[in-house]
>>> print(open('coords_24.cif').read())   # mmCIF, C-alpha atoms
data_query
#
loop_
_atom_site.group_PDB
_atom_site.id
_atom_site.type_symbol
_atom_site.label_atom_id
_atom_site.label_comp_id
_atom_site.auth_asym_id
_atom_site.auth_seq_id
_atom_site.Cartn_x
_atom_site.Cartn_y
_atom_site.Cartn_z
ATOM 1 C CA MET N 977 -31.973 -50.626 -8.750
ATOM 2 C CA LEU N 978 -28.583 -49.322 -7.817
ATOM 3 C CA ALA N 979 -27.671 -49.225 -4.158
ATOM 4 C CA MET N 980 -25.652 -46.381 -2.608
ATOM 5 C CA GLY N 981 -22.245 -47.506 -3.675
ATOM 6 C CA ASN N 982 -23.069 -49.328 -6.913
ATOM 7 C CA LEU N 983 -21.258 -46.574 -8.553
ATOM 8 C CA ILE N 984 -21.169 -46.713 -12.193
ATOM 9 C CA LYS N 985 -23.557 -47.476 -14.964
ATOM 10 C CA VAL N 986 -22.572 -45.218 -17.794
ATOM 11 C CA LEU N 987 -25.720 -43.947 -19.440
ATOM 12 C CA GLY N 988 -26.371 -44.622 -23.082
ATOM 13 C CA LYS N 989 -25.459 -41.055 -24.018
ATOM 14 C CA ASP N 990 -23.480 -40.391 -27.156
ATOM 15 C CA LEU N 991 -20.265 -39.839 -25.247
ATOM 16 C CA GLU N 992 -17.131 -39.847 -27.336
ATOM 17 C CA ASN N 993 -14.481 -42.304 -26.143
ATOM 18 C CA CYS N 994 -16.642 -43.320 -23.207
ATOM 19 C CA PRO N 995 -17.221 -47.060 -22.768
ATOM 20 C CA HIS N 996 -20.668 -48.095 -21.595
ATOM 21 C CA PHE N 997 -20.538 -50.653 -18.815
ATOM 22 C CA PHE N 998 -21.406 -51.050 -15.176
ATOM 23 C CA LEU N 999 -18.520 -50.882 -12.726
ATOM 24 C CA ASP N 1000 -19.545 -51.923 -9.229
ATOM 25 C CA PHE N 1001 -17.191 -50.034 -6.928
ATOM 26 C CA GLU N 1002 -18.909 -51.183 -3.766
ATOM 27 C CA ASN N 1003 -19.841 -54.829 -4.035
ATOM 28 C CA ALA N 1004 -17.415 -56.323 -6.556
ATOM 29 C CA GLN N 1005 -15.962 -59.611 -5.326
ATOM 30 C CA PRO N 1006 -12.830 -61.211 -6.806
ATOM 31 C CA THR N 1007 -13.206 -64.056 -9.275
ATOM 32 C CA GLU N 1008 -10.840 -67.016 -9.026
ATOM 33 C CA ALA N 1009 -8.555 -65.438 -11.645
ATOM 34 C CA GLU N 1010 -8.315 -62.209 -9.621
ATOM 35 C CA THR N 1011 -7.808 -63.768 -6.179
ATOM 36 C CA ALA N 1012 -3.985 -63.855 -6.005
ATOM 37 C CA VAL N 1013 -3.529 -60.179 -6.929
ATOM 38 C CA TRP N 1014 -6.615 -59.162 -4.922
ATOM 39 C CA ASN N 1015 -5.245 -60.794 -1.731
ATOM 40 C CA GLN N 1016 -1.846 -59.124 -2.160
ATOM 41 C CA VAL N 1017 -3.386 -55.669 -2.675
ATOM 42 C CA ASN N 1018 -5.988 -56.182 0.051
ATOM 43 C CA ALA N 1019 -3.246 -56.797 2.637
ATOM 44 C CA VAL N 1020 -1.950 -53.284 1.858
ATOM 45 C CA LEU N 1021 -5.372 -51.621 1.690
ATOM 46 C CA GLU N 1022 -6.311 -53.046 5.097
ATOM 47 C CA GLU N 1023 -3.611 -50.844 6.622
ATOM 48 C CA SER N 1024 -4.670 -47.684 4.786
ATOM 49 C CA GLN N 1025 -7.432 -46.589 7.173
ATOM 50 C CA GLY N 1026 -5.054 -46.868 10.126
ATOM 51 C CA VAL N 1027 -2.502 -44.730 8.283
ATOM 52 C CA LEU N 1028 -5.138 -42.055 7.562
ATOM 53 C CA ALA N 1029 -6.352 -42.101 11.178
ATOM 54 C CA GLU N 1030 -2.780 -41.658 12.451
ATOM 55 C CA LEU N 1031 -2.146 -38.810 10.029
ATOM 56 C CA GLN N 1032 -5.417 -37.116 10.933
ATOM 57 C CA SER N 1033 -4.479 -37.130 14.619
ATOM 58 C CA TYR N 1034 -0.905 -35.930 13.951
ATOM 59 C CA THR N 1035 -0.536 -32.730 15.995
ATOM 60 C CA GLY N 1036 3.234 -32.283 15.900
ATOM 61 C CA ALA N 1037 5.719 -31.015 18.474
ATOM 62 C CA GLY N 1038 5.582 -27.330 17.533
ATOM 63 C CA GLN N 1039 5.468 -25.928 21.046
ATOM 64 C CA GLU N 1040 8.286 -28.127 22.391
ATOM 65 C CA ILE N 1041 10.470 -27.279 19.368
ATOM 66 C CA ARG N 1042 9.819 -23.524 19.733
ATOM 67 C CA GLU N 1043 10.740 -23.577 23.415
ATOM 68 C CA ALA N 1044 13.931 -25.564 22.718
ATOM 69 C CA ILE N 1045 15.022 -23.170 19.945
ATOM 70 C CA GLN N 1046 14.279 -20.075 22.049
ATOM 71 C CA ASN N 1047 16.264 -21.485 25.007
ATOM 72 C CA PRO N 1048 19.290 -23.246 23.474
ATOM 73 C CA GLY N 1049 21.112 -23.402 26.799
ATOM 74 C CA ASP N 1050 18.275 -25.145 28.654
ATOM 75 C CA LEU N 1051 19.121 -28.843 28.457
ATOM 76 C CA ARG N 1052 15.767 -29.895 29.953
ATOM 77 C CA LEU N 1053 13.860 -28.161 27.126
ATOM 78 C CA GLN N 1054 16.189 -29.700 24.506
ATOM 79 C CA GLU N 1055 15.517 -33.170 25.885
ATOM 80 C CA ARG N 1056 11.791 -32.488 26.082
ATOM 81 C CA ALA N 1057 11.664 -31.450 22.406
ATOM 82 C CA TRP N 1058 13.739 -34.454 21.352
ATOM 83 C CA SER N 1059 11.488 -36.842 23.326
ATOM 84 C CA ALA N 1060 8.421 -35.319 21.651
ATOM 85 C CA VAL N 1061 9.858 -35.477 18.120
ATOM 86 C CA CYS N 1062 11.269 -39.033 18.102
ATOM 87 C CA PRO N 1063 7.959 -40.965 18.248
ATOM 88 C CA LEU N 1064 6.556 -38.598 15.602
ATOM 89 C CA VAL N 1065 9.471 -39.339 13.264
ATOM 90 C CA ALA N 1066 8.905 -43.073 13.817
ATOM 91 C CA LYS N 1067 5.315 -42.470 12.690
ATOM 92 C CA LEU N 1068 6.494 -40.539 9.603
ATOM 93 C CA LYS N 1069 8.796 -43.437 8.782
ATOM 94 C CA ARG N 1070 5.825 -45.845 8.913
ATOM 95 C CA PHE N 1071 3.884 -43.605 6.491
ATOM 96 C CA TYR N 1072 6.848 -43.528 4.109
ATOM 97 C CA GLU N 1073 7.289 -47.307 4.261
ATOM 98 C CA PHE N 1074 3.575 -47.707 3.588
ATOM 99 C CA SER N 1075 3.994 -45.636 0.396
ATOM 100 C CA LEU N 1076 6.512 -48.237 -0.843
ATOM 101 C CA ARG N 1077 4.030 -51.057 -0.241
ATOM 102 C CA LEU N 1078 1.320 -49.039 -1.968
ATOM 103 C CA GLU N 1079 3.632 -48.586 -4.956
ATOM 104 C CA ASN N 1080 4.055 -52.377 -5.243
ATOM 105 C CA ALA N 1081 0.302 -52.893 -4.948
ATOM 106 C CA LEU N 1082 -0.345 -50.395 -7.747
ATOM 107 C CA ARG N 1083 2.184 -52.166 -9.937
ATOM 108 C CA SER N 1084 0.446 -55.518 -9.430
ATOM 109 C CA LEU N 1085 -2.898 -53.955 -10.364
ATOM 110 C CA LEU N 1086 -1.491 -52.264 -13.478
ATOM 111 C CA GLU N 1087 -0.002 -55.579 -14.607
ATOM 112 C CA ALA N 1088 -3.323 -57.359 -14.116
ATOM 113 C CA LEU N 1089 -5.464 -54.630 -15.736
ATOM 114 C CA THR N 1090 -3.299 -54.148 -18.843
ATOM 115 C CA CYS N 1091 -1.960 -57.625 -19.694
ATOM 116 C CA PRO N 1092 -2.811 -59.228 -23.072
ATOM 117 C CA PRO N 1093 -5.016 -60.485 -24.632
ATOM 118 C CA TYR N 1094 -7.775 -58.162 -23.374
ATOM 119 C CA PRO N 1095 -7.897 -54.407 -23.976
ATOM 120 C CA PRO N 1096 -8.016 -52.238 -20.803
ATOM 121 C CA THR N 1097 -11.741 -51.478 -21.060
ATOM 122 C CA GLN N 1098 -12.503 -55.197 -21.104
ATOM 123 C CA HIS N 1099 -10.146 -55.775 -18.157
ATOM 124 C CA LEU N 1100 -12.003 -53.157 -16.083
ATOM 125 C CA GLU N 1101 -15.313 -54.754 -16.986
ATOM 126 C CA ARG N 1102 -14.167 -58.340 -16.335
ATOM 127 C CA GLU N 1103 -11.987 -57.736 -13.248
ATOM 128 C CA GLN N 1104 -14.197 -55.412 -11.271
ATOM 129 C CA ALA N 1105 -12.778 -56.327 -7.868
ATOM 130 C CA LEU N 1106 -9.319 -55.218 -9.048
ATOM 131 C CA ALA N 1107 -10.786 -52.047 -10.590
ATOM 132 C CA LYS N 1108 -12.397 -51.324 -7.212
ATOM 133 C CA GLN N 1109 -9.028 -51.791 -5.453
ATOM 134 C CA PHE N 1110 -7.385 -49.440 -7.946
ATOM 135 C CA ALA N 1111 -10.067 -46.873 -7.087
ATOM 136 C CA GLU N 1112 -9.482 -47.431 -3.351
ATOM 137 C CA ILE N 1113 -5.731 -46.817 -3.752
ATOM 138 C CA LEU N 1114 -6.461 -43.520 -5.523
ATOM 139 C CA HIS N 1115 -9.017 -42.562 -2.894
ATOM 140 C CA PHE N 1116 -6.508 -43.233 -0.101
ATOM 141 C CA THR N 1117 -3.756 -41.366 -1.960
ATOM 142 C CA LEU N 1118 -5.708 -38.145 -2.393
ATOM 143 C CA SER N 1119 -7.067 -38.374 1.172
ATOM 144 C CA PHE N 1120 -3.534 -38.768 2.546
ATOM 145 C CA ASP N 1121 -2.152 -35.893 0.488
ATOM 146 C CA GLU N 1122 -4.994 -33.525 1.442
ATOM 147 C CA LEU N 1123 -4.239 -34.176 5.126
ATOM 148 C CA LYS N 1124 -0.494 -33.789 4.598
ATOM 149 C CA MET N 1125 -0.856 -30.512 2.674
ATOM 150 C CA THR N 1126 -2.784 -28.921 5.522
ATOM 151 C CA ASN N 1127 -0.355 -30.046 8.244
ATOM 152 C CA PRO N 1128 2.893 -28.001 8.258
ATOM 153 C CA ALA N 1129 3.935 -29.716 11.510
ATOM 154 C CA ILE N 1130 5.111 -32.755 9.521
ATOM 155 C CA GLN N 1131 7.935 -30.952 7.766
ATOM 156 C CA ASN N 1132 8.732 -28.766 10.779
ATOM 157 C CA ASP N 1133 9.114 -31.829 13.025
ATOM 158 C CA PHE N 1134 11.249 -33.677 10.502
ATOM 159 C CA SER N 1135 13.487 -30.637 9.851
ATOM 160 C CA TYR N 1136 14.091 -30.236 13.580
ATOM 161 C CA TYR N 1137 14.886 -33.951 13.862
ATOM 162 C CA ARG N 1138 17.447 -33.746 11.040
ATOM 163 C CA ARG N 1139 19.059 -30.570 12.401
ATOM 164 C CA THR N 1140 19.412 -32.145 15.843
ATOM 165 C CA ILE N 1141 20.935 -35.321 14.370
ATOM 166 C CA SER N 1142 23.429 -33.218 12.335
ATOM 167 C CA ARG N 1143 24.374 -31.081 15.322
ATOM 168 C CA ASN N 1144 24.968 -34.133 17.487
ATOM 169 C CA ARG N 1145 26.955 -35.855 14.764
ATOM 170 C CA ILE N 1146 29.260 -32.839 14.653
ATOM 171 C CA ASN N 1147 29.605 -33.163 18.430
ATOM 172 C CA ASN N 1148 30.201 -36.926 18.075
ATOM 173 C CA LEU N 1149 27.033 -37.805 19.953
ATOM 174 C CA GLN N 1150 25.114 -40.888 18.813
ATOM 175 C CA LEU N 1151 21.383 -40.665 19.477
ATOM 176 C CA ASP N 1152 19.185 -43.733 19.995
ATOM 177 C CA ALA N 1153 16.712 -42.596 17.360
ATOM 178 C CA GLU N 1154 19.356 -42.882 14.641
ATOM 179 C CA SER N 1155 19.037 -46.651 14.732
ATOM 180 C CA GLU N 1156 15.328 -46.154 13.911
ATOM 181 C CA VAL N 1157 15.894 -43.668 11.057
ATOM 182 C CA ASN N 1158 19.444 -43.802 9.699
ATOM 183 C CA ASN N 1159 20.887 -41.156 7.397
ATOM 184 C CA GLU N 1160 19.942 -42.893 4.147
ATOM 185 C CA MET N 1161 16.356 -43.413 5.310
ATOM 186 C CA ALA N 1162 16.193 -39.780 6.488
ATOM 187 C CA ASN N 1163 17.311 -38.593 3.028
ATOM 188 C CA ARG N 1164 14.621 -40.643 1.307
ATOM 189 C CA MET N 1165 11.964 -39.487 3.770
ATOM 190 C CA SER N 1166 13.070 -35.866 3.204
ATOM 191 C CA LEU N 1167 12.473 -36.168 -0.528
ATOM 192 C CA PHE N 1168 9.102 -37.827 0.091
ATOM 193 C CA TYR N 1169 7.778 -35.187 2.516
ATOM 194 C CA ALA N 1170 9.192 -32.289 0.485
ATOM 195 C CA GLU N 1171 6.565 -33.100 -2.176
ATOM 196 C CA ALA N 1172 3.285 -31.196 -1.869
ATOM 197 C CA THR N 1173 1.443 -34.451 -2.598
ATOM 198 C CA PRO N 1174 3.881 -37.258 -1.726
ATOM 199 C CA MET N 1175 1.580 -40.276 -2.198
ATOM 200 C CA LEU N 1176 0.400 -39.032 -5.586
ATOM 201 C CA LYS N 1177 3.997 -38.450 -6.628
ATOM 202 C CA THR N 1178 4.796 -42.030 -5.567
ATOM 203 C CA LEU N 1179 1.950 -43.401 -7.717
ATOM 204 C CA SER N 1180 2.850 -41.165 -10.683
ATOM 205 C CA ASN N 1181 6.475 -42.309 -10.562
ATOM 206 C CA ALA N 1182 5.404 -45.949 -10.221
ATOM 207 C CA THR N 1183 3.049 -45.683 -13.220
ATOM 208 C CA THR N 1184 5.678 -43.963 -15.369
ATOM 209 C CA LYS N 1185 8.212 -46.626 -14.370
ATOM 210 C CA PHE N 1186 5.705 -49.386 -15.162
ATOM 211 C CA VAL N 1187 5.244 -48.000 -18.689
ATOM 212 C CA SER N 1188 8.972 -47.550 -19.320
ATOM 213 C CA GLU N 1189 9.834 -51.061 -18.080
ATOM 214 C CA ASN N 1190 7.125 -52.789 -20.145
ATOM 215 C CA LYS N 1191 8.425 -52.006 -23.621
ATOM 216 C CA THR N 1192 6.213 -54.622 -25.311
ATOM 217 C CA LEU N 1193 3.044 -53.187 -23.783
ATOM 218 C CA PRO N 1194 1.615 -50.250 -25.762
ATOM 219 C CA ILE N 1195 1.512 -47.137 -23.587
ATOM 220 C CA GLU N 1196 -2.134 -46.730 -24.660
ATOM 221 C CA ASP N 1197 -3.046 -49.865 -22.697
ATOM 222 C CA THR N 1198 -2.072 -48.106 -19.468
ATOM 223 C CA THR N 1199 -3.461 -44.681 -20.388
ATOM 224 C CA ASP N 1200 -6.742 -46.145 -21.712
ATOM 225 C CA CYS N 1201 -7.221 -47.921 -18.402
ATOM 226 C CA LEU N 1202 -6.893 -44.523 -16.651
ATOM 227 C CA SER N 1203 -9.007 -42.504 -19.114
ATOM 228 C CA THR N 1204 -11.800 -45.109 -18.952
ATOM 229 C CA MET N 1205 -11.994 -44.809 -15.162
ATOM 230 C CA ALA N 1206 -11.969 -41.004 -15.365
ATOM 231 C CA CYS N 1207 -14.812 -41.113 -17.856
ATOM 232 C CA VAL N 1208 -16.968 -43.494 -15.855
ATOM 233 C CA CYS N 1209 -16.562 -41.396 -12.696
ATOM 234 C CA ARG N 1210 -17.383 -38.158 -14.535
ATOM 235 C CA VAL N 1211 -20.570 -39.536 -16.097
ATOM 236 C CA MET N 1212 -21.722 -40.887 -12.759
ATOM 237 C CA LEU N 1213 -21.126 -37.536 -11.033
ATOM 238 C CA GLU N 1214 -22.854 -35.420 -13.681
ATOM 239 C CA THR N 1215 -25.958 -37.616 -14.049
ATOM 240 C CA PRO N 1216 -28.722 -36.645 -11.578
ATOM 241 C CA GLU N 1217 -30.537 -39.994 -11.935
ATOM 242 C CA TYR N 1218 -27.493 -41.794 -10.613
ATOM 243 C CA ARG N 1219 -26.327 -39.210 -8.084
ATOM 244 C CA SER N 1220 -29.775 -39.243 -6.492
ATOM 245 C CA ARG N 1221 -29.323 -42.923 -5.649
ATOM 246 C CA PHE N 1222 -26.339 -42.270 -3.407
ATOM 247 C CA THR N 1223 -27.473 -42.342 0.195
ATOM 248 C CA ASN N 1224 -24.019 -41.389 1.448
ATOM 249 C CA THR N 1225 -22.186 -38.196 0.463
ATOM 250 C CA GLU N 1226 -18.895 -40.050 1.037
ATOM 251 C CA THR N 1227 -19.627 -42.034 -2.123
ATOM 252 C CA LEU N 1228 -19.622 -38.808 -4.157
ATOM 253 C CA LEU N 1229 -16.297 -37.757 -2.637
ATOM 254 C CA PHE N 1230 -14.901 -41.217 -3.350
ATOM 255 C CA CYS N 1231 -15.920 -40.864 -6.987
ATOM 256 C CA MET N 1232 -14.424 -37.349 -7.287
ATOM 257 C CA ARG N 1233 -11.116 -38.410 -5.746
ATOM 258 C CA VAL N 1234 -10.816 -41.427 -8.028
ATOM 259 C CA MET N 1235 -11.557 -39.252 -11.076
ATOM 260 C CA VAL N 1236 -8.903 -36.670 -10.122
ATOM 261 C CA GLY N 1237 -6.373 -39.367 -9.236
ATOM 262 C CA VAL N 1238 -6.639 -41.116 -12.609
ATOM 263 C CA ILE N 1239 -6.483 -37.759 -14.452
ATOM 264 C CA ILE N 1240 -3.194 -36.901 -12.713
ATOM 265 C CA LEU N 1241 -1.722 -40.344 -13.376
ATOM 266 C CA TYR N 1242 -2.802 -40.072 -17.027
ATOM 267 C CA ASP N 1243 -1.219 -36.633 -17.311
ATOM 268 C CA HIS N 1244 2.091 -37.919 -15.936
ATOM 269 C CA VAL N 1245 2.216 -41.022 -18.107
ATOM 270 C CA HIS N 1246 0.729 -39.945 -21.438
ATOM 271 C CA PRO N 1247 3.242 -38.189 -23.741
ATOM 272 C CA VAL N 1248 0.905 -35.231 -24.437
ATOM 273 C CA GLY N 1249 -1.027 -35.416 -21.169
ATOM 274 C CA ALA N 1250 -4.644 -35.034 -20.102
ATOM 275 C CA PHE N 1251 -5.216 -31.427 -21.188
ATOM 276 C CA ALA N 1252 -4.476 -31.615 -24.934
ATOM 277 C CA LYS N 1253 -7.312 -31.736 -27.481
ATOM 278 C CA THR N 1254 -6.262 -35.280 -28.408
ATOM 279 C CA SER N 1255 -6.634 -36.472 -24.782
ATOM 280 C CA LYS N 1256 -9.200 -39.200 -24.209
ATOM 281 C CA ILE N 1257 -10.341 -37.417 -21.046
ATOM 282 C CA ASP N 1258 -13.022 -34.714 -21.241
ATOM 283 C CA MET N 1259 -11.173 -32.265 -18.988
ATOM 284 C CA LYS N 1260 -13.778 -29.502 -19.299
ATOM 285 C CA GLY N 1261 -16.470 -31.922 -18.188
ATOM 286 C CA CYS N 1262 -14.363 -33.240 -15.297
ATOM 287 C CA ILE N 1263 -13.497 -29.755 -13.998
ATOM 288 C CA LYS N 1264 -17.109 -28.605 -14.345
ATOM 289 C CA VAL N 1265 -18.314 -31.613 -12.340
ATOM 290 C CA LEU N 1266 -15.894 -30.672 -9.522
ATOM 291 C CA LYS N 1267 -16.876 -27.001 -9.604
ATOM 292 C CA ASP N 1268 -20.550 -27.941 -9.307
ATOM 293 C CA GLN N 1269 -19.887 -29.456 -5.861
ATOM 294 C CA PRO N 1270 -19.506 -27.482 -2.595
ATOM 295 C CA SER N 1271 -16.014 -25.926 -2.599
ATOM 296 C CA THR N 1272 -15.225 -27.396 0.837
ATOM 297 C CA SER N 1273 -15.133 -30.886 -0.659
ATOM 298 C CA THR N 1274 -13.432 -30.046 -3.952
ATOM 299 C CA GLU N 1275 -10.905 -27.243 -3.384
ATOM 300 C CA GLY N 1276 -8.183 -29.739 -2.454
ATOM 301 C CA LEU N 1277 -8.963 -31.782 -5.580
ATOM 302 C CA LEU N 1278 -8.906 -28.704 -7.851
ATOM 303 C CA ASN N 1279 -5.563 -27.747 -6.283
ATOM 304 C CA ALA N 1280 -4.260 -31.230 -7.060
ATOM 305 C CA LEU N 1281 -5.162 -30.638 -10.740
ATOM 306 C CA ARG N 1282 -3.590 -27.155 -10.639
ATOM 307 C CA TYR N 1283 -0.327 -28.057 -8.953
ATOM 308 C CA THR N 1284 0.443 -31.760 -9.392
ATOM 309 C CA THR N 1285 -0.312 -32.302 -13.078
ATOM 310 C CA ARG N 1286 2.495 -32.100 -15.622
ATOM 311 C CA HIS N 1287 0.942 -30.607 -18.776
ATOM 312 C CA LEU N 1288 -1.545 -27.961 -17.576
ATOM 313 C CA ASN N 1289 0.711 -25.072 -18.631
ATOM 314 C CA ASP N 1290 1.669 -26.567 -22.002
ATOM 315 C CA ASP N 1291 0.874 -24.600 -25.168
ATOM 316 C CA THR N 1292 -1.475 -27.434 -26.193
ATOM 317 C CA THR N 1293 -3.802 -26.694 -23.242
ATOM 318 C CA SER N 1294 -6.761 -24.552 -24.292
ATOM 319 C CA LYS N 1295 -7.300 -21.151 -22.672
ATOM 320 C CA GLN N 1296 -10.764 -22.326 -21.676
ATOM 321 C CA ILE N 1297 -9.395 -25.167 -19.540
ATOM 322 C CA ARG N 1298 -6.777 -22.882 -17.968
ATOM 323 C CA ALA N 1299 -9.471 -20.327 -17.171
ATOM 324 C CA LEU N 1300 -11.606 -23.030 -15.512
ATOM 325 C CA LEU N 1301 -8.725 -23.823 -13.153
ATOM 326 C CA GLN N 1302 -7.862 -20.182 -12.342
#
>>> encode(input="coords_24.cif", output="C-alpha cells")
Amino acid sequence: MLAMGNLIKVLGKDLENCPHFFLDFENAQPTEAETAVWNQVNAVLEESQGVLAELQSYTGAGQEIREAIQNPGDLRLQERAWSAVCPLVAKLKRFYEFSLRLENALRSLLEALTCPPYPPTQHLEREQALAKQFAEILHFTLSFDELKMTNPAIQNDFSYYRRTISRNRINNLQLDAESEVNNEMANRMSLFYAEATPMLKTLSNATTKFVSENKTLPIEDTTDCLSTMACVCRVMLETPEYRSRFTNTETLLFCMRVMVGVIILYDHVHPVGAFAKTSKIDMKGCIKVLKDQPSTSTEGLLNALRYTTRHLNDDTTSKQIRALLQ
C-alpha cells in the first residue's frame, strides 16, 4: 500500500509517452552513487524552509517610507525610514544569494540525471533520491515566487533604498548599508526582483545554460527528464485511486507545483516548447488537472503557466489550450 507521500506509481493505462514506474517522492534515500550530489544539494535545501518563512513574514517598511516621502524636510522621519529599510534589504540580499546556490544545486542534479550511459527515464527510476530533490527545488521555487508576487512591499522597499543611495551619492554621503549591498550587487538584485517569478527565471536560465554548455549531450536528454516528471505528476493527480491515499493535502499541492515547474522549464529549454502538438507533455491533461482543484490552491500555478512560459502564444499552440488558460 502506498503511504501519504509515496507519490507516484503510474497506472498501467495506455498513456502515450508516459513511462510506467514508481517514483517515491517521500521516502527515497540516496544510494552510494548518489550520495555526493545528494549531500551538496541537501545543504542548500536545508536552508529553503527558513528562506520561505522569512519571506512569508516580510511586511515591508511601507508606512515609514510614506511618512519620509511626505515630509522630506523632517530628518527624524528620513532616518526612521532608512533604519527600517536597511535590515529588509539585507534580507532581500540573502534571498538573492540563495537563488545563486539553488542554481548550482539544480545544475548538479541535471548533470547527474542526464549523464550517459542511461536515458533520463532510467536515471529518474534509478536515482530516486535525486529526483525527489529536483522536485523539492521546484516546489520551493514556485512557493517562493507565489509569495513574492503577492508582496509589493519587496520592490517598493528596494526602490526606496536605491533612490536614497543615489541621492546621498550625489550629495557625497557614504551610507553604512552600502558596504552590505554595493552598487553592482544592487543592480543584480534589481534585475532579480523585477521578474514576476524570480526563482523560476533563475532555474529557467540555469537549465537553458546547462543545455547550451553541454554540446555533446542531446537536448532531448534534458527535456525528457522534465517531461517524464510532468507526466508522472499528472497521472498521480488525475487518478482517484492514488489521490485517495494522500492523507495530507500538502502532498497534492507539492505534486501540482512540481508538475507546473517542470512544464515551465521544459517550455524554456525545448526549441518548440511545451504547448506544441509534438510536445511530450500532455498540456490539456495537465491544465485540466489543475482546474479540477480548488482555485485558491491553483490560481497562482495557472498564472505561472500563463505568464512565465515562453511558447504559449506561439502559432503552434492550439486554440483549445489557449482557451483553457483564458
>>> atom_distance(input="coords_24.cif", atom1="CA of Leu1089 in chain N", atom2="CA of Glu1217 in chain N")
29.3 Å
>>> closest_atom_pairs(input="coords_24.cif", of="range 1068-1172 of chain N", to="range 1275-1292 of chain N", cutoff="10 Å", atoms="only C-alpha atoms", output="CSV")
residue,atom,partner,partner_atom,distance
N:Leu1118,CA,N:Leu1277,CA,7.8
N:Ser1119,CA,N:Gly1276,CA,9.4
N:Asp1121,CA,N:Gly1276,CA,9.1
N:Glu1122,CA,N:Gly1276,CA,6.3
N:Leu1123,CA,N:Gly1276,CA,9.6
N:Met1125,CA,N:Gly1276,CA,9.0
N:Thr1126,CA,N:Gly1276,CA,9.7
N:Glu1171,CA,N:Thr1284,CA,9.6
N:Ala1172,CA,N:Thr1284,CA,8.1
>>> write_last_selection(input="coords_24.cif", atoms="C-alpha atoms", output="JSON list (two decimals), keeping the file's coordinate frame")
[["chain", "number", "residue", "atom", "x", "y", "z"],
["N", 1118, "LEU", "CA", -5.71, -38.15, -2.39],
["N", 1119, "SER", "CA", -7.07, -38.37, 1.17],
["N", 1121, "ASP", "CA", -2.15, -35.89, 0.49],
["N", 1122, "GLU", "CA", -4.99, -33.52, 1.44],
["N", 1123, "LEU", "CA", -4.24, -34.18, 5.13],
["N", 1125, "MET", "CA", -0.86, -30.51, 2.67],
["N", 1126, "THR", "CA", -2.78, -28.92, 5.52],
["N", 1171, "GLU", "CA", 6.56, -33.10, -2.18],
["N", 1172, "ALA", "CA", 3.28, -31.20, -1.87]]
>>> resolve_selection(input="coords_24.cif", expression="the PyMOL selection byres ((chain N and resi 1232) around 10)", output="VMD selection string")
chain N and resid 1115 1206 1209 to 1210 1212 to 1213 1226 to 1231 1233 to 1237 1262 1265 to 1266 1269 1273 to 1274 1277
>>> closest_residue(input="coords_24.cif", among="N:Tyr1218, N:Tyr1169, N:Lys1253, N:Thr1097", to="Ser1203 in chain N", atoms="only C-alpha atoms")
N:Thr1097
>>> closest_residue(input="coords_24.cif", among="N:Arg1138, N:Glu1010, N:Val1248, N:Glu1196", to="Arg1102 in chain N", atoms="all atoms listed in the file")
N:Glu1010
>>> closest_atom_pairs(input="coords_24.cif", of="range 1005-1046 of chain N", to="range 1050-1064 of chain N", cutoff="7 Å", atoms="only C-alpha atoms", output="Markdown table")
| residue | atom | partner | partner_atom | distance |
| --- | --- | --- | --- | --- |
| N:Ala1037 | CA | N:Ala1060 | CA | 6.0 |
| N:Glu1040 | CA | N:Ala1057 | CA | 4.7 |
| N:Ile1041 | CA | N:Ala1057 | CA | 5.3 |
| N:Glu1043 | CA | N:Leu1053 | CA | 6.7 |
| N:Ala1044 | CA | N:Gln1054 | CA | 5.0 |
>>> closest_residue(input="coords_24.cif", among="N:Leu1176, N:Leu1078, N:Ala1107, N:Ile1141", to="Thr1090 in chain N", atoms="only C-alpha atoms")
N:Ala1107
>>> residues_around(input="coords_24.cif", residues="Met1175 in chain N", least_positions_apart="6", cutoff="10 Å", atoms="all atoms listed in the file", output="list in words")
Phe1071, Tyr1072, Phe1074, Ser1075, Leu1076, Leu1078, Glu1079, Ile1113, Leu1114, Phe1116, Thr1117, Leu1118, Ser1119, Phe1120, Asp1121, Lys1124, Phe1168, Tyr1169 and Asn1181 of chain N
>>> resolve_selection(input="coords_24.cif", expression="the PyMOL selection byres ((chain N and resi 1035) around 10)", output="ChimeraX atom specification")
/N:1030-1034,1036-1038,1064,1127-1130
>>> atom_distance(input="coords_24.cif", atom1="CA of Lys1260 in chain N", atom2="CA of Asp1243 in chain N")
14.6 Å
>>> axis_aligned_box(input="coords_24.cif", around="range 1022-1039 of chain N", padding_each_side="4 Å", output="lines of an AutoDock Vina configuration file")
center_x = -0.9
center_y = -39.5
center_z = 12.9
size_x = 21.2
size_y = 35.1
size_z = 24.3
>>> atom_distance(input="coords_24.cif", atom1="CA of Gln1104 in chain N", atom2="CA of Ser1084 in chain N")
14.8 Å
